[in-house]
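Colleague: Below are the structure tokens for one structure; questions will follow.
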4 protein chains.
Amino acid sequence: MVLKNRIGNLFSLTSFGESHGPAIGGVVDGMPAGVRIDLDQVNQELARRRPGQGGISSSRKETDEVEILSGIMDGVTLGTPIGFIIRNRDQRPEDYDHLKDVFRPSHADFTYQAKYGIRDHRGGGRASARETVSRVVAGALAKQALLQLGISISAQAATVVDELPHGDTIGGVVLCAIKGVDPGIGEPVFGKLSSQLAEAMMSIPAAKGFEIGLGFDFVNHLGSEVLDKWVFQDGKITTETNYSGGIQGGISNGNDICFKVAFKPVATLMQPVEGIDSQGNVVAIEPRGRHDACVVPRAIPVVEAMAAIVVLDNVLLARTSRL
Amino acid sequence: MVLKNRIGNLFSLTSFGESHGPAIGGVVDGMPAGVRIDLDQVNQELARRRPGQGGISSSRKETDEVEILSGIMDGVTLGTPIGFIIRNRDQRPEDYDHLKDVFRPSHADFTYQAKYGIRDHRGGGRASARETVSRVVAGALAKQALLQLGISISAQAATVVDELPHGDTIGGVVLCAIKGVDPGIGEPVFGKLSSQLAEAMMSIPAAKGFEIGLGFDFVNHLGSEVLDKWVFQDGKITTETNYSGGIQGGISNGNDICFKVAFKPVATLMQPVEGIDSQGNVVAIEPRGRHDACVVPRAIPVVEAMAAIVVLDNVLLARTSRL
Amino acid sequence: MVLKNRIGNLFSLTSFGESHGPAIGGVVDGMPAGVRIDLDQVNQELARRRPGQGGISSSRKETDEVEILSGIMDGVTLGTPIGFIIRNRDQRPEDYDHLKDVFRPSHADFTYQAKYGIRDHRGGGRASARETVSRVVAGALAKQALLQLGISISAQAATVVDELPHGDTIGGVVLCAIKGVDPGIGEPVFGKLSSQLAEAMMSIPAAKGFEIGLGFDFVNHLGSEVLDKWVFQDGKITTETNYSGGIQGGISNGNDICFKVAFKPVATLMQPVEGIDSQGNVVAIEPRGRHDACVVPRAIPVVEAMAAIVVLDNVLLARTSRL
Amino acid sequence: MVLKNRIGNLFSLTSFGESHGPAIGGVVDGMPAGVRIDLDQVNQELARRRPGQGGISSSRKETDEVEILSGIMDGVTLGTPIGFIIRNRDQRPEDYDHLKDVFRPSHADFTYQAKYGIRDHRGGGRASARETVSRVVAGALAKQALLQLGISISAQAATVVDELPHGDTIGGVVLCAIKGVDPGIGEPVFGKLSSQLAEAMMSIPAAKGFEIGLGFDFVNHLGSEVLDKWVFQDGKITTETNYSGGIQGGISNGNDICFKVAFKPVATLMQPVEGIDSQGNVVAIEPRGRHDACVVPRAIPVVEAMAAIVVLDNVLLARTSRL
């Protein structure tokens, strides 16, 4: 369930924050009581998202450390909402003065202006990928609850890039596998687990494609080639193959849940590009600021975080399926 | 926003119905008052979804006709909820007796049983693609409101299939374009228009992949090759190319919104397959019932319907962006 | 949770229907699977709501019988949404022709027109108390699930009226007690069980006041007089008195949940009154149609129904409070 | 709409914070862009809520000052979520050590423990009235948007108390009037403006009763005595009297919206009371900490805040009623 800046039904994240404002943060609501939280692990997840991953990321120094403001006492969740903030540091808003009246190509400058009639032009404001720190915090909390339920989540890049185009950018694909989800999780019809995952993944900045199981490659096969045959193994029913990606009819079948997310190349190039101002005049934009050449390394923990939010939410929802 | 069998925030559809129960139906809530509704057009949309499209669809006779129960008076919407039903006819529940205790491969039989501890085995019950008639009705109503706002939606198959594999099935891709959406529609962060569309499309039975604009193909390009350059045309700002698919930062930029949906091959083959019973015994399943060889022709109006629901909802939401 | 014509979070009712349209109905979503449903009991609840209760109710013949369209198979809930309709019969829309362009005093005619720019004037349209049949159906279903969990709900009139003012109307108060709710049900802060009950009750047509426990009478007592002392009884902690009405801090304490709802006198009198037309001209309105002299007798099952919806919803929610 | 710690549909507050944790705060989502915000006014509202109102309030020093973390740039709202925190100061958690294993009478200690299996015992934790600072911040922001739309909200105590019972506590009633709301605001059926107001008010700590217009007093009148006669005045239709409290059929009629909220006496007395421990042993509790003798003076700005949240939310919702 998404309503503006909130995602999730029973376990939810409401996030806030502009890239160069005082802080990024959010409220995690619906975390069950009694979950032991290791704050170091939350900060380690933030470190994975930090610039400087794999040599192709931005050099902005984000020594992000989360401050938990509520909902956890003596390391254990209370069942009440978990408010948290991450202060923005190393801000250089003056880096963005030249963009105040310019819409960059393939950015959200123009669309935010069209929607709100006003925008924070500093580093993309709310549209900056910096907002994903809130996702990573919420995901790190969800992951710890899930681990205690035997569920683990792991994402990776589909391909490794050795050399980077000078001054240019590239996109990429992230694979993710969720292990340990019992059969019966997910809602039918509109709330399919696959559709909730699609929504969550496509909400990540620069995400442009999603597929579950074989995905688009299903089109290259006959039905008889891609049926997931049932087998009885270790005392339970499972599938021999996993073309479906662990979800059938929107509901988990107990096998690993596997999906892919495609990210477009970063839109901010380290070379001059053309923008436009509100009067329609073309404006040359010189490269400035600090930016990633590829979003994939830093997107990996974000993909895991969003998966954790969706899965924990649905694990809780599933407790109400039967009387 | 999805909560169980409801989709949409301000304009929403809550649907119900099993394939072989008395009726399929739903409630369309949030339709603005004052929309002139042509019921014939609603029924024409239903006709497009009916079996027998393009020679590769099921022969079940679904002479679906919608009965509107509320919310429309003298052909004009009242602003109150529109309840509607479509009676199920030509039911042959006995066709499914042999499936009562068997889980078919790549179907939702097992997962529904795991979730609810009970299931309607007749024609897939709630998991049947028959539930999409509700979507088509809601979408047809939304389309008429959108047309009055200058927005049109059109989907088509990506490829045409001439010959069908005998007794086997195929999948396919549906392309969709939404024209006439003003800049500024869609929510930032979690509620991106692209993520809402992804959720809506991936909730269609057999949908396995979604991409917006270039989608997965973004991976094959450098950033400098796929920037959508701004131009000033006919007195307004727009993009020269449309790699982004009409959405930037989750919000419409005024260009056409273009996306694709991948559908897997139909899981019900017209040849013997192996299922499993609840004790884990393999069970041979003989082909019976009436089924599509490819879901694409009938999915086209469903894709349009879901797009219409999402877009109308977001057009209404956008009215509240500014004071 | 209320969003337009929907109430409830996990267990919800989305309702539709105008008083003199083809049907009233709704979708009950989130009913847990495996609940045995006695349809006769649902119809008995409808009979309690029917005109002709206690001699002071309308003589409109509403031989309401519900038709269940989905979600129940062989008398057991499937976990899927339960669609239902009640056909409107004995309609006499012509009784209302004289009201087409007139706003009656203390009715919703003017406010609906102001909101939607259009309204169904026949018998109040959507604003008619007839919409409560949907509530009674949903409540009757919820009650059966609750009974299987040991929870019962019972409402009654606070005072008995022997004689009725000729041609005039009266209001009244309904008391309700919910027994068997375990401690720990309800949400803190905004979603207090008391605040959810208040919302649900105040949504009933003609409801004008709500109080929990001592309610407004708390004002006449010192704090020391109205503390609910804890006692240990039958192996569990409970309160000796129940001034709080079974709810503390928004969460049930295990004692009976007791509240009252005040209803105003019926606004339709059996004597001439003055209305106004859209041009501002005063219009005499002669009494016509069939109406209750007091809403209380028919409101009793509606109060119970709304209580059942709220309580079942919160019982399900409470399953997710702890890991 | 309430979902756990969130209230509101389009304009919403998600709140967090325990009384003696690091901070209280929240996220205001859905604030329209372009609203000029005076932060001094927000702090003035907080000052009204502070202990020491009218000589009958707690002496805890809450020099609350809000820190806005996002959503406002150069004093104007951006349309993005407004994150905010208020640091807890002058905490004395050791004042509450003696309550760690004791359930106080008429408090939420027992019910929170029952719900979550764990609780923050320091000053009531999340159940403390201290959480209302978040409401006041959100309400103060909403009020400023409403003022720019010509809507004002004003609450007051129904009676003035001169002398206070020594060591005891009292309750009271708060009256509230909302002026300037156009006709047509509010949703029909479940989302009546009166039912949303009831929910919001009953969610305030210690609130035990709500009535709109004449409320419970309707019971003492015949229908003919309390009809709100329509009149044509200053070029528009309005009511001569206002027994309905400005709402008919759940929708505003343009007249002042008037309601009352009853608060119970504060449950913490400045005299010894009896509690119980988890084993069922009666425990004497000596008075400690700093507490109000009457909640009314400090509840007044909270009532106004909740009213502002509900009204702004519904003003935005109403923009989508017509095509």
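Each chain of the structure tokens is named A, B, ... in the order shown, its residues numbered from 1; ligands are numbered from 1 in display order.
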Output as number ranges by chain all residues of region 54-285 of chain B that backbone DSSP marks as strand (DSSP E).
Modeller: B: 67-68, 72-73, 76-77, 82-87, 102-103, 152-157, 172-179, 207-212, 230-233, 236-239, 247-248, 251-252, 257-263, 273-277, 282-285
Colleague: Can I get the selected residues back with C-alpha atoms, as a PDB file, in the first residue's frame?
Modeller:
```pdb
ATOM      1  CA  GLU B  67     -25.413  -4.659 -14.321  1.00  0.00           C
ATOM      2  CA  ILE B  68     -24.817  -1.277 -12.684  1.00  0.00           C
ATOM      3  CA  ILE B  72     -25.227   6.438 -11.895  1.00  0.00           C
ATOM      4  CA  MET B  73     -28.558   8.201 -12.489  1.00  0.00           C
ATOM      5  CA  VAL B  76     -24.485  10.569 -15.153  1.00  0.00           C
ATOM      6  CA  THR B  77     -22.295   9.658 -12.184  1.00  0.00           C
ATOM      7  CA  ILE B  82     -20.774   2.408  -8.344  1.00  0.00           C
ATOM      8  CA  GLY B  83     -21.670  -1.161  -7.455  1.00  0.00           C
ATOM      9  CA  PHE B  84     -21.808  -3.615 -10.332  1.00  0.00           C
ATOM     10  CA  ILE B  85     -22.104  -7.319 -11.035  1.00  0.00           C
ATOM     11  CA  ILE B  86     -21.583  -9.629 -13.969  1.00  0.00           C
ATOM     12  CA  ARG B  87     -23.397 -12.920 -13.590  1.00  0.00           C
ATOM     13  CA  VAL B 102      -4.856 -31.951  -6.973  1.00  0.00           C
ATOM     14  CA  PHE B 103      -2.451 -29.053  -7.276  1.00  0.00           C
ATOM     15  CA  SER B 152      -6.602   8.297 -23.940  1.00  0.00           C
ATOM     16  CA  ILE B 153      -5.071   4.865 -23.422  1.00  0.00           C
ATOM     17  CA  SER B 154      -4.221   2.294 -26.034  1.00  0.00           C
ATOM     18  CA  ALA B 155      -2.518  -1.096 -25.718  1.00  0.00           C
ATOM     19  CA  GLN B 156      -1.495  -3.666 -28.320  1.00  0.00           C
ATOM     20  CA  ALA B 157       0.412  -6.905 -28.676  1.00  0.00           C
ATOM     21  CA  GLY B 172       3.764 -12.461 -25.089  1.00  0.00           C
ATOM     22  CA  VAL B 173       4.315  -8.792 -24.471  1.00  0.00           C
ATOM     23  CA  VAL B 174       1.736  -6.006 -24.402  1.00  0.00           C
ATOM     24  CA  LEU B 175       2.726  -2.400 -25.171  1.00  0.00           C
ATOM     25  CA  CYS B 176       0.684   0.455 -23.797  1.00  0.00           C
ATOM     26  CA  ALA B 177       0.701   4.190 -24.440  1.00  0.00           C
ATOM     27  CA  ILE B 178      -1.149   6.821 -22.428  1.00  0.00           C
ATOM     28  CA  LYS B 179      -1.625  10.139 -24.223  1.00  0.00           C
ATOM     29  CA  ALA B 207       2.065 -10.940 -15.763  1.00  0.00           C
ATOM     30  CA  LYS B 208       5.747 -11.543 -15.081  1.00  0.00           C
ATOM     31  CA  GLY B 209       7.598  -8.422 -16.174  1.00  0.00           C
ATOM     32  CA  PHE B 210       7.145  -4.673 -16.447  1.00  0.00           C
ATOM     33  CA  GLU B 211       9.228  -1.924 -17.952  1.00  0.00           C
ATOM     34  CA  ILE B 212       8.779   1.795 -18.465  1.00  0.00           C
ATOM     35  CA  TRP B 230      14.316  19.262 -23.443  1.00  0.00           C
ATOM     36  CA  VAL B 231      12.833  21.259 -26.295  1.00  0.00           C
ATOM     37  CA  PHE B 232      10.371  24.133 -26.455  1.00  0.00           C
ATOM     38  CA  GLN B 233       7.564  23.219 -28.818  1.00  0.00           C
ATOM     39  CA  LYS B 236       5.485  24.323 -24.003  1.00  0.00           C
ATOM     40  CA  ILE B 237       8.441  22.408 -22.698  1.00  0.00           C
ATOM     41  CA  THR B 238       8.672  18.770 -23.730  1.00  0.00           C
ATOM     42  CA  THR B 239      11.317  16.143 -24.523  1.00  0.00           C
ATOM     43  CA  ILE B 247       7.813   9.809 -16.393  1.00  0.00           C
ATOM     44  CA  GLN B 248      10.730  11.437 -14.571  1.00  0.00           C
ATOM     45  CA  ILE B 251       5.977  12.216 -12.132  1.00  0.00           C
ATOM     46  CA  SER B 252       4.593  12.685 -15.654  1.00  0.00           C
ATOM     47  CA  ILE B 257       3.568   7.379 -20.992  1.00  0.00           C
ATOM     48  CA  CYS B 258       4.837   4.140 -22.542  1.00  0.00           C
ATOM     49  CA  PHE B 259       5.319   0.806 -20.856  1.00  0.00           C
ATOM     50  CA  LYS B 260       5.426  -2.929 -21.562  1.00  0.00           C
ATOM     51  CA  VAL B 261       4.078  -5.944 -19.717  1.00  0.00           C
ATOM     52  CA  ALA B 262       5.359  -9.504 -20.198  1.00  0.00           C
ATOM     53  CA  PHE B 263       2.953 -12.408 -19.825  1.00  0.00           C
ATOM     54  CA  VAL B 273       0.582 -32.838 -17.291  1.00  0.00           C
ATOM     55  CA  GLU B 274       1.629 -33.944 -13.823  1.00  0.00           C
ATOM     56  CA  GLY B 275       0.117 -32.515 -10.650  1.00  0.00           C
ATOM     57  CA  ILE B 276       0.518 -33.483  -7.012  1.00  0.00           C
ATOM     58  CA  ASP B 277      -1.983 -34.201  -4.270  1.00  0.00           C
ATOM     59  CA  VAL B 282       2.134 -37.359  -8.337  1.00  0.00           C
ATOM     60  CA  VAL B 283      -1.189 -37.314 -10.198  1.00  0.00           C
ATOM     61  CA  ALA B 284      -1.684 -37.306 -13.978  1.00  0.00           C
ATOM     62  CA  ILE B 285      -4.009 -34.541 -15.141  1.00  0.00           C
TER      63      ILE B 285
END
```
Colleague: Chain D near chain B within 7 Å: what's each residue's closest atom pair and its distance in Å to one decimal, counting only C-alpha atoms, ordered by chain then ascending residue number, as CSV?
Modeller:
```
residue,atom,partner,partner_atom,distance
D:Pro32,CA,B:Arg322,CA,4.3
D:Ala33,CA,B:Arg322,CA,4.5
D:Gly34,CA,B:Leu323,CA,6.2
D:Val35,CA,B:Leu323,CA,6.6
D:Gly79,CA,B:Ser321,CA,6.3
D:Leu316,CA,B:Thr320,CA,5.7
D:Arg319,CA,B:Arg319,CA,6.8
D:Thr320,CA,B:Leu316,CA,5.7
D:Ser321,CA,B:Pro32,CA,4.9
D:Arg322,CA,B:Pro32,CA,4.4
D:Leu323,CA,B:Pro32,CA,5.0
```
Colleague: Kindly give the distance, in Å, that separates CA of His166 (chain C) and CA of Gly215 (chain D), rounded to a single decimal.
Modeller: 23.7 Å
Colleague: So that I can see what lies close to Ala114 (chain D), please list as a ChimeraX atom specification the residues with an atom at most 6 Å from it, counting only C-alpha atoms and leaving out residues fewer than 3 positions away in the same chain.
Modeller: /C:183-184 /D:111,117
Colleague: Just the residues within 10 Å of Ile204 (chain C), please, counting only C-alpha atoms, with nothing from its chain fewer than 6 positions along; format it as a short mmCIF file (atom, residue, chain, number, x, y, z; two decimals) with C-alpha atoms, in the first residue's frame.
Modeller:
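That gives us around-v7.cif:
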```cif
data_model
loop_
_atom_site.label_atom_id
_atom_site.label_comp_id
_atom_site.auth_asym_id
_atom_site.auth_seq_id
_atom_site.Cartn_x
_atom_site.Cartn_y
_atom_site.Cartn_z
CA ALA C 129 -30.83 5.17 6.24
CA GLU C 131 -27.74 2.15 3.21
CA THR C 132 -27.47 0.58 6.66
CA ARG C 135 -23.73 -2.56 7.43
CA VAL C 261 -24.80 6.46 21.03
CA PHE C 263 -29.60 9.70 17.93
CA ALA C 299 -30.62 1.53 14.92
CA VAL C 302 -26.91 -1.28 13.13
CA VAL C 303 -25.00 -0.30 16.28
CA MET C 306 -20.74 -1.50 13.38
CA VAL D 189 -21.68 7.15 4.85
CA PHE D 190 -18.56 6.02 6.80
CA LYS D 192 -18.88 11.63 7.63
CA SER D 195 -17.51 10.70 12.40
CA GLY D 249 -25.59 13.78 6.26
CA GLY D 250 -21.92 13.94 7.23
#
```
Colleague: In terms of the shortest atom-to-atom distance over only C-alpha atoms, which of D:Leu13, D:Leu99, D:Leu3, D:Ile170 is closest to Pro287 (chain D)?
Modeller: D:Leu99
